[in-house]
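Read through the structure below, which is laid out as structure tokens, and then see the notes.
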Number of protein chains: 2
Amino acid sequence: MTTIAKSCAVVNPSRIETQRHPTLADVAAAAGVSASTASRALRESPVVGEGTRQRVFEAARALGFEPNRIARSLRTRSSFSIGVVVPDVATVFWAAALKGAQDVLERAGYLVLVMSSEREPKREAAALRTLIAHRVDGILLATSGGYDQPPAVPVVFFDRLDPAAGTRGVAPANRDGIGLLFDHLRGHRHTRIGFVGGHPGSSSADERLAAFEAEVTAAGLPLRAGYVRHGDAAWSEASGEQAGAELAELAERPTAIIAASDALAVGALRALRGAGLRVPEDVALVSFDDPVFADLLDPPVTALSRHDREVGELAAAMLLEVLTGNPEPGEVRVPLELIVRRSCGCDGRG
Amino acid sequence: MTTIAKSCAVVNPSRIETQRHPTLADVAAAAGVSASTASRALRESPVVGEGTRQRVFEAARALGFEPNRIARSLRTRSSFSIGVVVPDVATVFWAAALKGAQDVLERAGYLVLVMSSEREPKREAAALRTLIAHRVDGILLATSGGYDQPPAVPVVFFDRLDPAAGTRGVAPANRDGIGLLFDHLRGHRHTRIGFVGGHPGSSSADERLAAFEAEVTAAGLPLRAGYVRHGDAAWSEASGEQAGAELAELAERPTAIIAASDALAVGALRALRGAGLRVPEDVALVSFDDPVFADLLDPPVTALSRHDREVGELAAAMLLEVLTGNPEPGEVRVPLELIVRRSCGCDGRG
DNA sequence: CTGAAAGCGCTTACAG
DNA sequence: CTGAAAGCGCTTACAG
């Protein structure tokens with residue numbers, strides 16, 4: 001007792017007396033039963049008598065008892081929690097995907113532990129270790145490359161898939177999406193099409209770039225190295241602007257640009273303006289991810305619809321499947337649609 | 001043994017054999033020492049011999065041992081985790097504030113548990129209970145009204161403060177911010193100024209509205225009920241559009257509008273356009289929170305700089321203070337600056 | 001229907 | 001410097 005009081009004082013010597021949480025033993029004592037019975041009553045075991053059940057609940061209510069999940073987890077050897085690690089929680093895409101995942105996971109009774117890797121492999125690896133240390137039942141991972149050997153729990157990838165084949169994952173249909181964008185630009189008769197890609201190394205960046213190159217080749221167009229630029233690790237707006245500026249300076253400038261994300265597109269738009277170029281008259285511009293308020297931008301930008309939330313939901317659902325014993329291997333791709341506005345050269349009225 | 005294997009089989013009968021996590025006992029056995037010594041070695045206790053220390057670390061490494069934090073938490077009676085509850089993780093403001101908080105908390109060694117209340121008092125109360133059940137050491141709360149009696153751990157409010165006085169909290173300087181917006185509009189000689197507020201009931205909505213009314217009165221202008229509109233619970237863009245449309249329809253229409261948030265402002269902008277009104281020529285518009293890509297909107301919108309991240313950081317720092325025994329009571333306000341662009345009537349060149 | 005006992009995986013006085 | 005023992009707060013066979 002003395003020990004406990006002392007350690008409390010060290011940890012939290014403020015006036016706010018962190019009142020001791022009542023334990024199951026307290027409830028049992030108050031209800032005049034054993035801890036075993038109290039536990040069974042609280043867990044609605046059909047075996048306990050009605051009167052007993054009521055007395056226990058009453059005692060628990062009176063004491064403000066909230067069962068200690070840490071103790072329960074240790075005892076039952078299952079934390080009923082899921083870890084989610086994303087490169088950056090404050091990016092529109094991951095914030096939305098995270099929300100989607102959290103919704104389905106919480107509905108299934110899981111606690112969600114969110115960790116941010118800040119796009120660094122080291123921090124991702126650390127986050128994974130922390131999650132394992134907390135004995136999560138499974139992990140949802142948008143990898144930044146910190147995943148080496150599989151941890152001791154099921155993992156489902158999302159958006160940024162593991163390069164190794166055969167791992168479970170959910171991602172946007174990158175290839176088809178780029179195809180939609182490319183075809184639309186071709187419909188406007190463009191032959192000199194530039195590309196502002198994400199940072200090489202993630203499946204999302206790499207797939208979109210590969211799809212772009214495949215489209216160019218399939219269209220019988222020349223593959224010009226100078227027409228392909230890349231954003232920085234954060235796919236930042238600033239790096240999109242830099243890339244856009246480089247494209248704008250080219251002697252034989254592209255007449256249209258595909259940006260691999262919203263921030264990259266907005267950065268490119270800013271660069272084009274800065275270079276005194278009109279969009280879409282001088283250079284057309286289309287974006288992979290639909291920018292926020294895209295229809296109010298000047299000009300309104302043509303882009304692919306967002307299904308961020310859905311990616312998170314599907315990944316969570318897949319993990320739940322695995323956890324309940326339906327391994328359901330392989331990949332799921334979320335289809336995207338083209339939203340035609342004006343930056344592509346259309347008049348924006350459909 | 002049989003029991004364990006059986007229960008494992010029920011939980012996860014997939015081929016992915018969830019390998020048993022090695023325990024401290026395993027490490028101790030492998031290193032040829034007792035669990036006590038292994039524990040001390042791993043925790044870098046100065047008391048253990050160098051040779052022993054090395055053998056233990058080697059064994060831990062070889063086994064891929066990751067100490068079970070659940071067991072440690074139970075034993076030490078401290079989870080070293082902090083709960084953060086926000087109305088919606090996918091809203092720009094909270095995503096950024098959350099990230100700020102998470103950064104400082106993780107740096108201090110805490111695990112962050114994020115919960116979303118979806119703006120419902122019931123869900124907020126449930127989230128709070130879950131957090132308590134997980135024995136978090138403290139809570140960061142942007143309340144939606146689900147907080148009745150103080151939980152058994154320290155709470156710091158952020159953005160949406162507790163109406164009760166004297167509680168700890170961090171929020172933007174709502175009053176001063178509205179003052180900045182209002183004064184700027186007055187500088188443009190506007191006398192008929194409308195207000196699209198947030199949903200009444202949260203401190204952020206109420207403070208901004210009160211500040212607006214105080215400014216109107218202080219300026220000697222009439223307080224017209226018809227000039228004040230409110231967004232819905234989510235402060236959604238659609239509700240901002242609705243409010244903007246109502247203002248636009250007024251017989252004696254305001255010549256300027258202050259919107260209490262980015263989404264509300266963008267909604268209002270859309271409504272104004274829909275009504276065939278030019279911004280800022282027919283109606284000027286300024287926004288409290290700086291919209292994403294605000295400078296590329298048509299017209300670029302004048303707004304208050306965002307300090308979302310800072311709000312989260314400061315709230316986290318305050319909680320840390322409390323946890324280490326420096327109660328530091330009261331409120332902190334984060335000052336905002338005006339970013340002048342074109343929607344207010346300026347030419348946008350500063 | 002209920003209780004005593006064991007144990008989940010750690011940490012930490014207490015002895016040596 | 002090291003080990004045996006107790007205990008954190010639960011759950012769950014095992015007996016009655």
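Going through the structure tokens in order, the chains are called A, B, and so on, while each chain numbers its residues from 1 and the ligands are numbered from 1 in the order shown.
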
Item to complete: For chain A, list the residues within 10 Å of chain C, counting only C-alpha atoms (C1' of nucleotides), and write the list as a ChimeraX atom specification.
Response: /A:3,33-37,47-49,52,71-77

Worksheet item: Among range 62-248 of chain A, which ones does DSSP place in alpha helix (DSSP H), written as a ChimeraX atom specification?
Response: /A:62-63,69-76,92-107,121-133,174-187,203-218,237-248

Item to complete: Have a look at CA of Gly32 in chain B and CA of Pro46 in chain B and let me know their distance in Å, one decimal.
Response: 19.3 Å

Item to complete: Identify which of the residues B:Leu63, B:Leu277, B:Pro172, B:Leu185 lies closest to Arg306 in chain B, counting only C-alpha atoms when measuring atom-to-atom distances.
Response: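 Looking only at the distances to Arg306 in chain B, the closest residue turns out to be B:Pro172.
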
Discussion item. When you look at range 293-305 of chain A with a cut-off of 6 Å (counting only C-alpha atoms (C1' of nucleotides)), what residues show up, excluding the ones that are within fewer than 2 positions of it in the same chain? I need them as a PyMOL selection string.
Written reply: (chain A and resi 286-291+336-343) or (chain B and resi 296-298)

Worksheet item: Please, which residues of chain B lie no more than 8 Å from chain A when the count uses only C-alpha atoms, and can they be set out as a VMD selection string?
Response: chain B and resid 11 to 16 18 to 21 66 to 71 73 to 74 89 to 92 95 to 96 98 to 99 112 to 115 129 132 to 135 152 to 154 266 270 292 to 293 296 to 298 322 to 327

What does the file look like for those residues with N, CA and C atoms, as a short mmCIF file (atom, residue, chain, number, x, y, z; two decimals), in the first residue's frame?
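The result, stored in result02.cif:
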data_model
loop_
_atom_site.label_atom_id
_atom_site.label_comp_id
_atom_site.auth_asym_id
_atom_site.auth_seq_id
_atom_site.Cartn_x
_atom_site.Cartn_y
_atom_site.Cartn_z
N VAL B 11 -9.61 -18.73 -32.95
CA VAL B 11 -9.42 -17.34 -33.31
C VAL B 11 -8.83 -17.19 -34.70
N ASN B 12 -7.88 -18.04 -35.01
CA ASN B 12 -7.19 -17.86 -36.27
C ASN B 12 -6.82 -19.19 -36.90
N PRO B 13 -7.80 -19.80 -37.50
CA PRO B 13 -7.57 -21.13 -38.06
C PRO B 13 -6.90 -21.09 -39.43
N SER B 14 -6.48 -19.90 -39.87
CA SER B 14 -5.89 -19.82 -41.21
C SER B 14 -4.52 -20.50 -41.22
N ARG B 15 -3.99 -20.65 -42.40
CA ARG B 15 -2.69 -21.29 -42.51
C ARG B 15 -1.61 -20.44 -41.87
N ILE B 16 -1.83 -19.12 -41.86
CA ILE B 16 -0.85 -18.23 -41.28
C ILE B 16 -0.70 -18.56 -39.81
N THR B 18 -0.02 -18.06 -36.58
CA THR B 18 0.37 -16.95 -35.73
C THR B 18 1.36 -17.47 -34.71
N GLN B 19 2.62 -17.35 -35.04
CA GLN B 19 3.65 -17.89 -34.16
C GLN B 19 3.58 -17.27 -32.77
N ARG B 20 3.72 -18.10 -31.74
CA ARG B 20 3.67 -17.61 -30.36
C ARG B 20 4.79 -16.60 -30.16
N HIS B 21 4.46 -15.50 -29.55
CA HIS B 21 5.51 -14.53 -29.24
C HIS B 21 6.41 -15.12 -28.16
N GLU B 66 10.14 -9.32 -28.25
CA GLU B 66 9.61 -7.96 -28.12
C GLU B 66 8.79 -7.97 -26.84
N PRO B 67 9.27 -7.27 -25.80
CA PRO B 67 8.58 -7.36 -24.51
C PRO B 67 7.09 -7.06 -24.62
N ASN B 68 6.29 -7.82 -23.95
CA ASN B 68 4.84 -7.64 -23.98
C ASN B 68 4.45 -6.43 -23.14
N ARG B 69 4.04 -5.38 -23.84
CA ARG B 69 3.72 -4.14 -23.13
C ARG B 69 2.46 -4.26 -22.32
N ILE B 70 1.62 -5.17 -22.70
CA ILE B 70 0.39 -5.35 -21.95
C ILE B 70 0.74 -5.85 -20.55
N ALA B 71 1.63 -6.82 -20.51
CA ALA B 71 2.04 -7.36 -19.21
C ALA B 71 2.77 -6.28 -18.41
N SER B 73 2.44 -3.08 -18.64
CA SER B 73 1.49 -2.06 -18.19
C SER B 73 0.73 -2.54 -16.96
N LEU B 74 0.32 -3.78 -17.01
CA LEU B 74 -0.45 -4.31 -15.88
C LEU B 74 0.40 -4.26 -14.62
N VAL B 89 -11.68 12.47 -37.70
CA VAL B 89 -10.27 12.44 -38.08
C VAL B 89 -10.00 12.91 -39.49
N ALA B 90 -11.02 12.87 -40.35
CA ALA B 90 -10.77 13.18 -41.75
C ALA B 90 -11.01 14.65 -42.10
N THR B 91 -11.25 15.47 -41.11
CA THR B 91 -11.40 16.90 -41.36
C THR B 91 -10.01 17.52 -41.25
N VAL B 92 -9.69 18.40 -42.19
CA VAL B 92 -8.36 18.99 -42.24
C VAL B 92 -7.88 19.47 -40.87
N ALA B 95 -7.23 16.50 -38.43
CA ALA B 95 -6.15 15.65 -38.90
C ALA B 95 -4.80 16.31 -38.58
N ALA B 96 -4.73 17.62 -38.81
CA ALA B 96 -3.49 18.33 -38.56
C ALA B 96 -3.21 18.48 -37.06
N LEU B 98 -4.27 16.58 -34.71
CA LEU B 98 -3.96 15.24 -34.24
C LEU B 98 -2.49 14.90 -34.51
N LYS B 99 -2.06 15.25 -35.69
CA LYS B 99 -0.68 14.97 -36.05
C LYS B 99 0.28 15.73 -35.14
N VAL B 112 -0.31 6.67 -28.71
CA VAL B 112 -1.50 7.50 -28.85
C VAL B 112 -2.69 6.67 -29.35
N LEU B 113 -3.78 6.73 -28.62
CA LEU B 113 -4.99 6.05 -29.06
C LEU B 113 -5.96 7.09 -29.60
N VAL B 114 -6.26 6.99 -30.87
CA VAL B 114 -7.12 7.99 -31.50
C VAL B 114 -8.55 7.47 -31.60
N MET B 115 -9.49 8.25 -31.17
CA MET B 115 -10.88 7.85 -31.29
C MET B 115 -11.67 8.98 -31.94
N ARG B 129 -15.08 6.15 -22.35
CA ARG B 129 -15.11 4.93 -21.53
C ARG B 129 -14.08 3.91 -22.03
N ILE B 132 -10.70 4.91 -20.90
CA ILE B 132 -10.53 4.64 -19.46
C ILE B 132 -10.29 3.14 -19.25
N ALA B 133 -11.06 2.35 -19.99
CA ALA B 133 -10.91 0.90 -19.86
C ALA B 133 -9.49 0.48 -20.25
N HIS B 134 -8.89 1.23 -21.15
CA HIS B 134 -7.52 0.92 -21.55
C HIS B 134 -6.52 1.61 -20.65
N ARG B 135 -7.01 2.25 -19.63
CA ARG B 135 -6.16 2.87 -18.61
C ARG B 135 -5.14 3.84 -19.19
N ALA B 152 -11.36 9.53 -14.62
CA ALA B 152 -10.36 9.38 -13.57
C ALA B 152 -8.94 9.75 -14.00
N VAL B 153 -8.81 10.38 -15.15
CA VAL B 153 -7.48 10.78 -15.59
C VAL B 153 -7.50 12.24 -16.04
N PRO B 154 -6.33 12.86 -16.08
CA PRO B 154 -6.26 14.25 -16.50
C PRO B 154 -6.75 14.43 -17.94
N VAL B 266 -16.23 28.04 -48.65
CA VAL B 266 -16.27 27.51 -50.00
C VAL B 266 -17.72 27.24 -50.42
N ARG B 270 -19.69 29.07 -53.55
CA ARG B 270 -20.44 28.33 -54.55
C ARG B 270 -21.86 28.91 -54.69
N VAL B 292 -7.74 25.00 -48.16
CA VAL B 292 -6.65 24.38 -48.89
C VAL B 292 -6.61 25.01 -50.29
N PHE B 293 -5.44 25.26 -50.81
CA PHE B 293 -5.30 25.84 -52.15
C PHE B 293 -6.04 27.18 -52.29
N LEU B 296 -5.43 29.53 -55.10
CA LEU B 296 -5.73 29.13 -56.49
C LEU B 296 -7.22 29.10 -56.75
N LEU B 297 -8.01 29.42 -55.74
CA LEU B 297 -9.45 29.45 -55.94
C LEU B 297 -9.79 30.67 -56.79
N ASP B 298 -11.00 30.70 -57.26
CA ASP B 298 -11.43 31.79 -58.12
C ASP B 298 -12.60 32.50 -57.45
N VAL B 322 0.92 18.47 -17.09
CA VAL B 322 0.04 17.99 -16.02
C VAL B 322 0.53 16.64 -15.53
N LEU B 323 0.89 15.78 -16.47
CA LEU B 323 1.33 14.43 -16.13
C LEU B 323 2.62 14.43 -15.32
N THR B 324 3.44 15.42 -15.54
CA THR B 324 4.70 15.46 -14.79
C THR B 324 4.57 16.35 -13.56
N GLY B 325 3.34 16.73 -13.25
CA GLY B 325 3.14 17.40 -11.99
C GLY B 325 3.12 18.91 -12.01
N ASN B 326 3.15 19.49 -13.20
CA ASN B 326 3.01 20.94 -13.28
C ASN B 326 1.62 21.25 -13.82
N PRO B 327 0.67 21.41 -12.95
CA PRO B 327 -0.72 21.52 -13.40
C PRO B 327 -0.98 22.64 -14.39
#

Worksheet item: Leu247 in chain B: which residues within 12 Å, counting only C-alpha atoms (C1' of nucleotides), same-chain residues fewer than 2 positions away excluded, as number ranges by chain?
Response: B: 192-196, 224-230, 240-245, 249-259, 268-269, 271-272, 275, 277, 283

Item to complete: Between CA of Arg55 in chain B and CA of Gly146 in chain A, measure the distance and give it in Å to one decimal.
Response: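 Those two atoms sit 27.5 Å apart.
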
Discussion item. As a VMD selection string, please: every residue in range 183-322 of chain B that DSSP puts in strand (DSSP E).
Written reply: chain B and resid 193 to 197 228 to 230 256 to 259 284 to 289 302 to 304

Can I get the selected residues back with N, CA and C atoms, as a tab-separated table (two decimals), in the first residue's frame?
chain	number	residue	atom	x	y	z
B	193	ILE	N	-22.78	43.46	-43.24
B	193	ILE	CA	-21.92	42.28	-43.19
B	193	ILE	C	-22.67	41.06	-42.65
B	194	GLY	N	-22.68	40.01	-43.44
B	194	GLY	CA	-23.37	38.78	-43.02
B	194	GLY	C	-22.40	37.79	-42.40
B	195	PHE	N	-22.96	36.79	-41.73
B	195	PHE	CA	-22.11	35.82	-41.02
B	195	PHE	C	-22.63	34.41	-41.24
B	196	VAL	N	-21.77	33.54	-41.72
B	196	VAL	CA	-22.12	32.12	-41.83
B	196	VAL	C	-21.35	31.40	-40.73
B	197	GLY	N	-22.05	31.09	-39.66
B	197	GLY	CA	-21.39	30.51	-38.48
B	197	GLY	C	-21.38	29.00	-38.50
B	228	VAL	N	-27.40	36.53	-39.92
B	228	VAL	CA	-26.65	35.46	-39.27
B	228	VAL	C	-27.23	34.09	-39.62
B	229	ARG	N	-26.40	33.24	-40.20
B	229	ARG	CA	-26.83	31.88	-40.56
B	229	ARG	C	-25.89	30.88	-39.93
B	230	HIS	N	-26.34	29.64	-39.90
B	230	HIS	CA	-25.49	28.61	-39.28
B	230	HIS	C	-25.30	27.40	-40.18
B	256	ALA	N	-21.00	41.94	-47.81
B	256	ALA	CA	-19.82	41.17	-47.43
B	256	ALA	C	-20.24	40.05	-46.49
B	257	ILE	N	-19.49	38.94	-46.53
B	257	ILE	CA	-19.82	37.80	-45.68
B	257	ILE	C	-18.56	37.28	-45.00
B	258	ILE	N	-18.70	36.97	-43.72
B	258	ILE	CA	-17.64	36.28	-42.99
B	258	ILE	C	-18.09	34.85	-42.77
B	259	ALA	N	-17.27	33.89	-43.19
B	259	ALA	CA	-17.62	32.48	-42.96
B	259	ALA	C	-16.74	31.96	-41.83
B	284	ALA	N	-18.36	40.64	-51.03
B	284	ALA	CA	-17.02	40.24	-50.59
B	284	ALA	C	-17.15	39.03	-49.67
B	285	LEU	N	-16.08	38.23	-49.59
B	285	LEU	CA	-16.16	37.01	-48.77
B	285	LEU	C	-14.82	36.78	-48.09
B	286	VAL	N	-14.85	36.55	-46.80
B	286	VAL	CA	-13.62	36.19	-46.09
B	286	VAL	C	-13.89	34.96	-45.24
B	287	SER	N	-12.83	34.19	-45.00
B	287	SER	CA	-12.99	32.91	-44.31
B	287	SER	C	-12.16	32.85	-43.04
B	288	PHE	N	-12.68	32.18	-42.04
B	288	PHE	CA	-11.91	32.03	-40.79
B	288	PHE	C	-10.71	31.12	-41.04
B	289	ASP	N	-10.95	29.84	-41.32
B	289	ASP	CA	-9.84	28.92	-41.61
B	289	ASP	C	-9.43	29.04	-43.07
B	302	THR	N	-9.39	35.52	-49.09
B	302	THR	CA	-8.77	36.13	-47.92
B	302	THR	C	-9.23	35.37	-46.68
B	303	ALA	N	-8.27	35.02	-45.82
B	303	ALA	CA	-8.62	34.16	-44.69
B	303	ALA	C	-7.60	34.29	-43.57
B	304	LEU	N	-7.88	33.61	-42.47
B	304	LEU	CA	-6.93	33.60	-41.36
B	304	LEU	C	-6.00	32.41	-41.53

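Computed from the coordinates, the CA of Ser39 in chain B to CA of Glu124 in chain A distance equals 26.1 Å.
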
Worksheet item: Counting only C-alpha atoms (C1' of nucleotides), what is within 8 Å of Ser204 in chain B, bar same-chain residues fewer than 5 positions away, as a ChimeraX atom specification?
Response: /B:159-161,174,198
